[in-house]
>>> print(open('final_25.txt').read())   # compact mmCIF, C-alpha atoms
# COMPACT_ATOMS: atom_id res chain seq x y z
CA MET A 1 35.77 -52.76 83.18
CA TRP A 2 33.17 -54.10 85.61
CA ILE A 3 31.08 -57.09 84.71
CA LYS A 4 27.51 -56.76 85.84
CA ASP A 5 24.87 -59.48 85.88
CA GLY A 6 27.22 -61.99 84.19
CA ASP A 7 27.00 -60.28 80.77
CA LYS A 8 28.63 -62.86 78.46
CA GLU A 9 29.77 -60.26 75.93
CA LEU A 10 31.61 -58.27 78.62
CA VAL A 11 33.12 -61.46 80.06
CA GLU A 12 34.41 -62.47 76.62
CA HIS A 13 35.74 -58.94 76.01
CA LYS A 14 37.59 -59.01 79.33
CA LEU A 15 39.08 -62.44 78.59
CA ASN A 16 40.15 -61.33 75.11
CA PHE A 17 41.85 -58.23 76.56
CA GLY A 18 43.63 -60.42 79.14
CA ARG A 19 44.90 -62.74 76.41
CA LYS A 20 46.24 -59.80 74.39
CA LEU A 21 47.91 -58.27 77.44
CA SER A 22 49.48 -61.60 78.35
CA ALA A 23 50.76 -62.15 74.82
CA THR A 24 52.22 -58.63 74.71
CA TRP A 25 54.02 -59.20 78.01
CA ASP A 26 55.32 -62.64 77.03
CA LEU A 27 56.34 -61.84 73.44
CA VAL A 28 57.46 -58.20 73.58
CA VAL A 29 57.99 -56.64 77.00
CA MET A 30 59.72 -59.47 78.89
CA PRO A 31 62.22 -60.33 76.11
CA ALA A 32 63.03 -56.62 75.69
CA LEU A 33 63.52 -56.18 79.44
CA PHE A 34 65.81 -59.18 79.81
CA SER A 35 67.71 -58.27 76.62
CA MET A 36 68.47 -54.83 78.03
CA VAL A 37 69.60 -56.36 81.31
CA GLY A 38 71.60 -59.03 79.50
CA ILE A 39 73.74 -56.44 77.73
CA ASN A 40 75.42 -55.58 81.03
CA VAL A 41 75.86 -59.15 82.33
CA ASN A 42 79.42 -60.27 82.91
CA LEU A 43 79.44 -63.84 84.22
CA LYS A 44 83.11 -63.69 85.20
CA ARG A 45 82.34 -60.74 87.46
CA ILE A 46 79.31 -62.49 88.98
CA PHE A 47 80.75 -65.97 89.53
CA ASN A 48 84.07 -65.34 91.24
CA SER A 49 85.37 -66.40 94.65
CA THR A 50 85.02 -62.99 96.30
CA PHE A 51 81.65 -61.77 95.00
CA THR A 52 79.54 -64.94 94.84
CA PRO A 53 79.65 -65.99 98.54
CA LYS A 54 78.75 -62.47 99.68
CA ALA A 55 76.01 -62.22 97.07
CA ILE A 56 74.51 -65.57 98.06
CA ALA A 57 74.52 -64.47 101.72
CA ILE A 58 72.70 -61.27 100.73
CA LEU A 59 70.21 -63.27 98.63
CA ALA A 60 69.54 -65.68 101.49
CA ALA A 61 69.06 -62.89 104.03
CA SER A 62 66.85 -60.77 101.78
CA SER A 63 64.78 -63.77 100.64
CA GLY A 64 64.36 -64.91 104.24
CA ALA A 65 63.20 -61.44 105.26
CA ARG A 66 60.86 -61.28 102.27
CA ALA A 67 59.35 -64.68 103.07
CA LEU A 68 58.94 -63.74 106.74
CA VAL A 69 57.13 -60.51 105.87
CA ILE A 70 54.88 -62.33 103.40
CA TYR A 71 54.07 -64.96 106.03
CA LEU A 72 53.32 -62.28 108.65
CA ILE A 73 51.06 -60.41 106.24
CA GLN A 74 49.00 -63.60 105.92
CA TRP A 75 48.92 -64.19 109.69
CA ARG A 76 45.18 -63.74 110.18
CA SER A 77 44.15 -65.11 106.79
CA PRO A 78 42.03 -68.27 106.62
CA TYR A 79 44.85 -70.27 104.96
CA ASN A 80 46.64 -73.04 106.81
CA TRP A 81 50.41 -72.93 107.35
CA LYS A 82 51.15 -75.06 104.28
CA GLN A 83 49.21 -72.75 102.01
CA LYS A 84 50.95 -69.74 103.53
CA LEU A 85 54.35 -71.30 102.81
CA ILE A 86 53.34 -71.93 99.19
CA VAL A 87 52.44 -68.24 98.85
CA CYS A 88 55.81 -67.28 100.38
CA GLY A 89 57.66 -69.54 97.96
CA GLY A 90 55.71 -68.18 95.00
CA TYR A 91 56.56 -64.59 95.86
CA LEU A 92 60.30 -65.32 96.00
CA GLY A 93 60.37 -65.35 92.21
CA LYS A 94 58.98 -61.86 91.80
CA ALA A 95 62.27 -60.49 90.49
CA THR A 96 61.26 -58.60 87.37
CA ALA A 97 61.49 -55.29 89.25
CA GLN A 98 64.95 -56.16 90.54
CA ALA A 99 66.08 -57.04 87.02
CA ALA A 100 64.73 -53.77 85.66
CA ILE A 101 66.10 -51.56 88.44
CA GLY A 102 69.52 -53.21 88.59
CA PRO A 103 71.05 -51.39 85.57
CA VAL A 104 69.57 -47.99 86.48
CA ALA A 105 72.26 -47.13 89.03
CA LEU A 106 75.01 -48.25 86.66
CA THR A 107 73.61 -46.13 83.82
CA PHE A 108 73.40 -43.11 86.13
CA VAL A 109 77.02 -43.51 87.28
CA LYS A 110 78.28 -44.03 83.71
CA ALA A 111 76.54 -40.80 82.68
CA ARG A 112 78.22 -38.93 85.54
CA ILE A 113 81.62 -40.36 84.57
CA ALA A 114 81.05 -39.20 80.99
CA GLN A 115 80.21 -35.68 82.19
CA GLU A 116 82.67 -35.20 85.05
CA GLY A 117 85.46 -37.56 84.11
CA SER A 118 86.77 -40.55 86.01
CA THR A 119 87.39 -39.81 89.70
CA PRO A 120 88.10 -42.30 92.50
CA GLU A 121 84.71 -41.53 94.03
CA LEU A 122 82.87 -42.21 90.76
CA LEU A 123 84.87 -45.40 90.16
CA THR A 124 83.79 -46.64 93.61
CA LEU A 125 80.20 -45.73 92.80
CA LYS A 126 80.50 -47.58 89.49
CA GLN A 127 81.77 -50.71 91.28
CA ASN A 128 78.89 -50.48 93.77
CA ALA A 129 76.37 -50.03 90.93
CA GLU A 130 77.81 -53.08 89.15
CA ASN A 131 77.43 -55.06 92.38
CA VAL A 132 73.78 -54.00 92.68
CA MET A 133 73.11 -55.06 89.10
CA ASP A 134 74.94 -58.36 89.55
CA ILE A 135 72.99 -59.19 92.71
CA ALA A 136 69.73 -58.37 90.87
CA ILE A 137 70.74 -60.78 88.12
CA LEU A 138 71.69 -63.48 90.63
CA TYR A 139 68.33 -63.00 92.32
CA VAL A 140 66.58 -63.72 89.04
CA LEU A 141 68.85 -66.70 88.29
CA PHE A 142 68.33 -68.35 91.68
CA MET A 143 64.91 -67.29 92.95
CA ALA A 144 62.78 -67.58 89.82
CA PRO A 145 63.43 -71.34 89.52
CA ILE A 146 62.86 -71.82 93.26
CA ALA A 147 59.50 -70.06 93.01
CA ALA A 148 58.53 -72.02 89.92
CA LEU A 149 59.43 -75.32 91.57
CA THR A 150 57.53 -74.35 94.71
CA MET A 151 54.38 -73.58 92.73
CA THR A 152 54.54 -76.54 90.34
CA LYS A 153 55.87 -79.29 92.61
CA ALA A 154 54.59 -78.43 96.09
CA GLY A 155 51.45 -76.49 95.13
CA PRO A 156 49.37 -79.43 93.91
CA TYR A 157 49.95 -81.32 97.18
CA VAL A 158 48.40 -78.56 99.29
CA PRO A 159 44.62 -78.90 99.07
CA PRO A 160 42.71 -75.71 98.19
CA ARG A 161 40.60 -74.12 100.86
CA ASP A 162 36.84 -73.93 100.53
CA ILE A 163 35.50 -70.60 99.30
CA VAL A 164 33.64 -68.87 102.09
CA VAL A 165 31.13 -66.27 100.96
CA ARG A 166 30.45 -63.54 103.48
CA ARG A 167 27.19 -61.66 103.26
CA SER A 168 28.94 -58.39 104.16
CA ALA A 169 31.37 -58.53 101.22
CA PRO A 170 30.65 -56.16 98.33
CA SER A 171 29.58 -58.03 95.22
CA TRP A 172 32.43 -56.60 93.12
CA LEU A 173 34.96 -58.38 95.38
CA LEU A 174 33.49 -61.80 94.72
CA PRO A 175 33.73 -64.05 91.68
CA PRO A 176 30.59 -64.23 89.50
CA SER A 177 29.89 -67.76 90.79
CA ALA A 178 29.35 -66.36 94.30
CA TRP A 179 26.89 -63.64 93.26
CA ASN A 180 23.91 -66.00 93.35
CA THR A 181 24.78 -66.93 96.93
CA LEU A 182 24.67 -63.28 97.95
CA THR A 183 21.33 -62.60 96.33
CA GLY A 184 19.81 -65.84 97.53
CA ALA A 185 19.19 -67.08 94.00
CA ALA A 186 19.97 -70.68 93.17
>>> encode(input="final_25.txt", output="structure tokens")
Amino acid sequence: MWIKDGDKELVEHKLNFGRKLSATWDLVVMPALFSMVGINVNLKRIFNSTFTPKAIAILAASSGARALVIYLIQWRSPYNWKQKLIVCGGYLGKATAQAAIGPVALTFVKARIAQEGSTPELLTLKQNAENVMDIAILYVLFMAPIAALTMTKAGPYVPPRDIVVRRSAPSWLLPPSAWNTLTGAA
């Protein structure tokens, strides 16, 4: 829904829809997602002396690569290096997709075992699928708090940049407060 000429009714309608969508996500979808993932969690399997060090190394390497890519994507942006690091830290917590995808491989392998019977190949695949799911869960457990702390503790200390309005930008890309600047109205 596009808001044209600052129509207050459309603005209120958009805000109301956003509130409903946010409430649905917070109260229904996210608890259901994490409940489904939580069914398959086995903390003894995750926190043992052979799996945990390897998993933490994988988390560190993948998070480092993710942060590097996010920083490089922002290379020519008008943000300073501190602001770019805050964005990198904030994106480390985007683990909802990992949490949702983690059990998919395990479910697929369990279905194959039910159809074809237990073979050594399928048992190896099942172990690998459990490892994928466990690493996804560890990612959520470790990276979501790191991202939250980055945004809440370090974010306020990095001053916001000034909004620069470019005359060549289409009006639908700008916030309503910048529309008057484009049209020359005060």
>>> atom_distance(input="final_25.txt", atom1="atom CA of Met143 of chain A", atom2="atom CA of Cys88 of chain A")
11.7 Å
>>> atom_distance(input="final_25.txt", atom1="atom CA of Ala111 of chain A", atom2="atom CA of Leu43 of chain A")
23.3 Å
>>> residues_around(input="final_25.txt", residues="segment 65-80 of chain A", least_positions_apart="4", cutoff="9 Å", atoms="only C-alpha atoms", output="PyMOL selection string")
chain A and resi 60-61+84-85+87-89+91-92+160-161
>>> closest_residue(input="final_25.txt", among="A:Tyr139, A:Arg112, A:Ala144, A:Leu106", to="Gln127 of chain A", atoms="all atoms listed in the file")
A:Leu106
>>> atom_distance(input="final_25.txt", atom1="atom CA of Gly93 of chain A", atom2="atom CA of Ile58 of chain A")
15.5 Å
>>> closest_residue(input="final_25.txt", among="A:Ile135, A:Ala148, A:Ala100, A:Leu141", to="Ala32 of chain A", atoms="all atoms listed in the file")
A:Ala100
>>> residues_around(input="final_25.txt", residues="Gly102 of chain A", least_positions_apart="5", cutoff="7 Å", atoms="all atoms listed in the file", output="PyMOL selection string")
chain A and resi 132-133+136
>>> residues_around(input="final_25.txt", residues="Leu125 of chain A", least_positions_apart="2", cutoff="12 Å", atoms="all atoms listed in the file", output="PyMOL selection string")
chain A and resi 105-113+118-123+127-132
>>> write_last_selection(input="final_25.txt", atoms="C-alpha atoms", output="mmCIF file, keeping the file's coordinate frame")
data_model
loop_
_atom_site.group_PDB
_atom_site.id
_atom_site.type_symbol
_atom_site.label_atom_id
_atom_site.label_comp_id
_atom_site.auth_asym_id
_atom_site.auth_seq_id
_atom_site.Cartn_x
_atom_site.Cartn_y
_atom_site.Cartn_z
ATOM 1 C CA ALA A 105 72.260 -47.130 89.030
ATOM 2 C CA LEU A 106 75.010 -48.250 86.660
ATOM 3 C CA THR A 107 73.610 -46.130 83.820
ATOM 4 C CA PHE A 108 73.400 -43.110 86.130
ATOM 5 C CA VAL A 109 77.020 -43.510 87.280
ATOM 6 C CA LYS A 110 78.280 -44.030 83.710
ATOM 7 C CA ALA A 111 76.540 -40.800 82.680
ATOM 8 C CA ARG A 112 78.220 -38.930 85.540
ATOM 9 C CA ILE A 113 81.620 -40.360 84.570
ATOM 10 C CA SER A 118 86.770 -40.550 86.010
ATOM 11 C CA THR A 119 87.390 -39.810 89.700
ATOM 12 C CA PRO A 120 88.100 -42.300 92.500
ATOM 13 C CA GLU A 121 84.710 -41.530 94.030
ATOM 14 C CA LEU A 122 82.870 -42.210 90.760
ATOM 15 C CA LEU A 123 84.870 -45.400 90.160
ATOM 16 C CA GLN A 127 81.770 -50.710 91.280
ATOM 17 C CA ASN A 128 78.890 -50.480 93.770
ATOM 18 C CA ALA A 129 76.370 -50.030 90.930
ATOM 19 C CA GLU A 130 77.810 -53.080 89.150
ATOM 20 C CA ASN A 131 77.430 -55.060 92.380
ATOM 21 C CA VAL A 132 73.780 -54.000 92.680
#
>>> closest_residue(input="final_25.txt", among="A:Leu33, A:Met151, A:Leu59, A:Val158", to="Pro103 of chain A", atoms="only C-alpha atoms")
A:Leu33
>>> decode(input="final_25.txt", residues="segment 32-60 of chain A", atoms="N, CA, C and O atoms", output="PDB file, in the first residue's frame")
ATOM      1  N   ALA A  32       5.472 -21.000  17.764  1.00  0.00           N
ATOM      2  CA  ALA A  32       5.232 -22.268  17.065  1.00  0.00           C
ATOM      3  C   ALA A  32       6.512 -22.769  16.407  1.00  0.00           C
ATOM      4  O   ALA A  32       6.838 -23.960  16.496  1.00  0.00           O
ATOM      5  N   LEU A  33       7.249 -21.872  15.777  1.00  0.00           N
ATOM      6  CA  LEU A  33       8.499 -22.249  15.126  1.00  0.00           C
ATOM      7  C   LEU A  33       9.501 -22.817  16.128  1.00  0.00           C
ATOM      8  O   LEU A  33      10.058 -23.899  15.922  1.00  0.00           O
ATOM      9  N   PHE A  34       9.705 -22.112  17.224  1.00  0.00           N
ATOM     10  CA  PHE A  34      10.692 -22.575  18.196  1.00  0.00           C
ATOM     11  C   PHE A  34      10.196 -23.795  18.969  1.00  0.00           C
ATOM     12  O   PHE A  34      11.001 -24.602  19.418  1.00  0.00           O
ATOM     13  N   SER A  35       8.890 -23.978  19.096  1.00  0.00           N
ATOM     14  CA  SER A  35       8.365 -25.198  19.719  1.00  0.00           C
ATOM     15  C   SER A  35       8.643 -26.403  18.835  1.00  0.00           C
ATOM     16  O   SER A  35       9.030 -27.467  19.328  1.00  0.00           O
ATOM     17  N   MET A  36       8.447 -26.249  17.534  1.00  0.00           N
ATOM     18  CA  MET A  36       8.721 -27.352  16.619  1.00  0.00           C
ATOM     19  C   MET A  36      10.201 -27.704  16.601  1.00  0.00           C
ATOM     20  O   MET A  36      10.568 -28.874  16.529  1.00  0.00           O
ATOM     21  N   VAL A  37      11.058 -26.694  16.656  1.00  0.00           N
ATOM     22  CA  VAL A  37      12.492 -26.951  16.705  1.00  0.00           C
ATOM     23  C   VAL A  37      12.861 -27.575  18.046  1.00  0.00           C
ATOM     24  O   VAL A  37      13.666 -28.508  18.115  1.00  0.00           O
ATOM     25  N   GLY A  38      12.252 -27.104  19.115  1.00  0.00           N
ATOM     26  CA  GLY A  38      12.582 -27.577  20.451  1.00  0.00           C
ATOM     27  C   GLY A  38      12.266 -29.031  20.691  1.00  0.00           C
ATOM     28  O   GLY A  38      12.858 -29.681  21.563  1.00  0.00           O
ATOM     29  N   ILE A  39      11.357 -29.596  19.918  1.00  0.00           N
ATOM     30  CA  ILE A  39      11.014 -31.009  20.057  1.00  0.00           C
ATOM     31  C   ILE A  39      12.236 -31.883  19.799  1.00  0.00           C
ATOM     32  O   ILE A  39      12.433 -32.906  20.436  1.00  0.00           O
ATOM     33  N   ASN A  40      13.070 -31.474  18.861  1.00  0.00           N
ATOM     34  CA  ASN A  40      14.215 -32.289  18.453  1.00  0.00           C
ATOM     35  C   ASN A  40      15.504 -31.950  19.189  1.00  0.00           C
ATOM     36  O   ASN A  40      16.542 -32.511  18.871  1.00  0.00           O
ATOM     37  N   VAL A  41      15.471 -31.030  20.144  1.00  0.00           N
ATOM     38  CA  VAL A  41      16.693 -30.606  20.828  1.00  0.00           C
ATOM     39  C   VAL A  41      17.087 -31.642  21.870  1.00  0.00           C
ATOM     40  O   VAL A  41      16.286 -32.071  22.686  1.00  0.00           O
ATOM     41  N   ASN A  42      18.349 -32.026  21.814  1.00  0.00           N
ATOM     42  CA  ASN A  42      18.921 -32.924  22.802  1.00  0.00           C
ATOM     43  C   ASN A  42      20.193 -32.249  23.319  1.00  0.00           C
ATOM     44  O   ASN A  42      21.218 -32.251  22.636  1.00  0.00           O
ATOM     45  N   LEU A  43      20.121 -31.661  24.506  1.00  0.00           N
ATOM     46  CA  LEU A  43      21.248 -30.879  25.016  1.00  0.00           C
ATOM     47  C   LEU A  43      22.482 -31.737  25.290  1.00  0.00           C
ATOM     48  O   LEU A  43      23.599 -31.259  25.166  1.00  0.00           O
ATOM     49  N   LYS A  44      22.288 -33.003  25.640  1.00  0.00           N
ATOM     50  CA  LYS A  44      23.444 -33.876  25.843  1.00  0.00           C
ATOM     51  C   LYS A  44      24.204 -34.091  24.545  1.00  0.00           C
ATOM     52  O   LYS A  44      25.429 -34.200  24.550  1.00  0.00           O
ATOM     53  N   ARG A  45      23.477 -34.168  23.437  1.00  0.00           N
ATOM     54  CA  ARG A  45      24.118 -34.344  22.134  1.00  0.00           C
ATOM     55  C   ARG A  45      24.824 -33.063  21.697  1.00  0.00           C
ATOM     56  O   ARG A  45      25.872 -33.112  21.061  1.00  0.00           O
ATOM     57  N   ILE A  46      24.261 -31.907  22.054  1.00  0.00           N
ATOM     58  CA  ILE A  46      24.857 -30.636  21.637  1.00  0.00           C
ATOM     59  C   ILE A  46      26.085 -30.296  22.476  1.00  0.00           C
ATOM     60  O   ILE A  46      27.126 -29.932  21.939  1.00  0.00           O
ATOM     61  N   PHE A  47      25.955 -30.391  23.791  1.00  0.00           N
ATOM     62  CA  PHE A  47      27.035 -29.964  24.681  1.00  0.00           C
ATOM     63  C   PHE A  47      27.844 -31.170  25.152  1.00  0.00           C
ATOM     64  O   PHE A  47      27.758 -31.581  26.303  1.00  0.00           O
ATOM     65  N   ASN A  48      28.644 -31.726  24.255  1.00  0.00           N
ATOM     66  CA  ASN A  48      29.571 -32.780  24.649  1.00  0.00           C
ATOM     67  C   ASN A  48      30.972 -32.410  24.175  1.00  0.00           C
ATOM     68  O   ASN A  48      31.147 -31.475  23.388  1.00  0.00           O
ATOM     69  N   SER A  49      31.959 -33.141  24.613  1.00  0.00           N
ATOM     70  CA  SER A  49      33.352 -32.743  24.366  1.00  0.00           C
ATOM     71  C   SER A  49      33.799 -32.943  22.921  1.00  0.00           C
ATOM     72  O   SER A  49      34.804 -32.359  22.510  1.00  0.00           O
ATOM     73  N   THR A  50      33.092 -33.728  22.141  1.00  0.00           N
ATOM     74  CA  THR A  50      33.512 -33.901  20.748  1.00  0.00           C
ATOM     75  C   THR A  50      32.778 -32.963  19.795  1.00  0.00           C
ATOM     76  O   THR A  50      33.374 -32.451  18.853  1.00  0.00           O
ATOM     77  N   PHE A  51      31.488 -32.724  20.033  1.00  0.00           N
ATOM     78  CA  PHE A  51      30.698 -31.915  19.109  1.00  0.00           C
ATOM     79  C   PHE A  51      30.879 -30.415  19.333  1.00  0.00           C
ATOM     80  O   PHE A  51      31.055 -29.655  18.383  1.00  0.00           O
ATOM     81  N   THR A  52      30.835 -29.979  20.579  1.00  0.00           N
ATOM     82  CA  THR A  52      30.811 -28.549  20.887  1.00  0.00           C
ATOM     83  C   THR A  52      32.022 -27.776  20.352  1.00  0.00           C
ATOM     84  O   THR A  52      31.829 -26.723  19.747  1.00  0.00           O
ATOM     85  N   PRO A  53      33.270 -28.242  20.541  1.00  0.00           N
ATOM     86  CA  PRO A  53      34.392 -27.461  19.998  1.00  0.00           C
ATOM     87  C   PRO A  53      34.337 -27.315  18.477  1.00  0.00           C
ATOM     88  O   PRO A  53      34.612 -26.232  17.944  1.00  0.00           O
ATOM     89  N   LYS A  54      33.975 -28.379  17.787  1.00  0.00           N
ATOM     90  CA  LYS A  54      33.859 -28.306  16.325  1.00  0.00           C
ATOM     91  C   LYS A  54      32.731 -27.359  15.926  1.00  0.00           C
ATOM     92  O   LYS A  54      32.872 -26.574  14.984  1.00  0.00           O
ATOM     93  N   ALA A  55      31.618 -27.438  16.636  1.00  0.00           N
ATOM     94  CA  ALA A  55      30.477 -26.584  16.320  1.00  0.00           C
ATOM     95  C   ALA A  55      30.810 -25.113  16.560  1.00  0.00           C
ATOM     96  O   ALA A  55      30.440 -24.252  15.757  1.00  0.00           O
ATOM     97  N   ILE A  56      31.515 -24.825  17.640  1.00  0.00           N
ATOM     98  CA  ILE A  56      31.880 -23.429  17.923  1.00  0.00           C
ATOM     99  C   ILE A  56      32.852 -22.909  16.865  1.00  0.00           C
ATOM    100  O   ILE A  56      32.763 -21.758  16.446  1.00  0.00           O
ATOM    101  N   ALA A  57      33.760 -23.772  16.403  1.00  0.00           N
ATOM    102  CA  ALA A  57      34.667 -23.363  15.321  1.00  0.00           C
ATOM    103  C   ALA A  57      33.882 -23.062  14.049  1.00  0.00           C
ATOM    104  O   ALA A  57      34.154 -22.065  13.361  1.00  0.00           O
ATOM    105  N   ILE A  58      32.891 -23.889  13.737  1.00  0.00           N
ATOM    106  CA  ILE A  58      32.054 -23.650  12.558  1.00  0.00           C
ATOM    107  C   ILE A  58      31.260 -22.353  12.723  1.00  0.00           C
ATOM    108  O   ILE A  58      31.160 -21.550  11.790  1.00  0.00           O
ATOM    109  N   LEU A  59      30.714 -22.130  13.916  1.00  0.00           N
ATOM    110  CA  LEU A  59      29.963 -20.894  14.179  1.00  0.00           C
ATOM    111  C   LEU A  59      30.851 -19.669  14.028  1.00  0.00           C
ATOM    112  O   LEU A  59      30.448 -18.665  13.437  1.00  0.00           O
ATOM    113  N   ALA A  60      32.056 -19.742  14.566  1.00  0.00           N
ATOM    114  CA  ALA A  60      32.970 -18.598  14.476  1.00  0.00           C
ATOM    115  C   ALA A  60      33.350 -18.320  13.022  1.00  0.00           C
ATOM    116  O   ALA A  60      33.339 -17.161  12.582  1.00  0.00           O
TER     117      ALA A  60
END
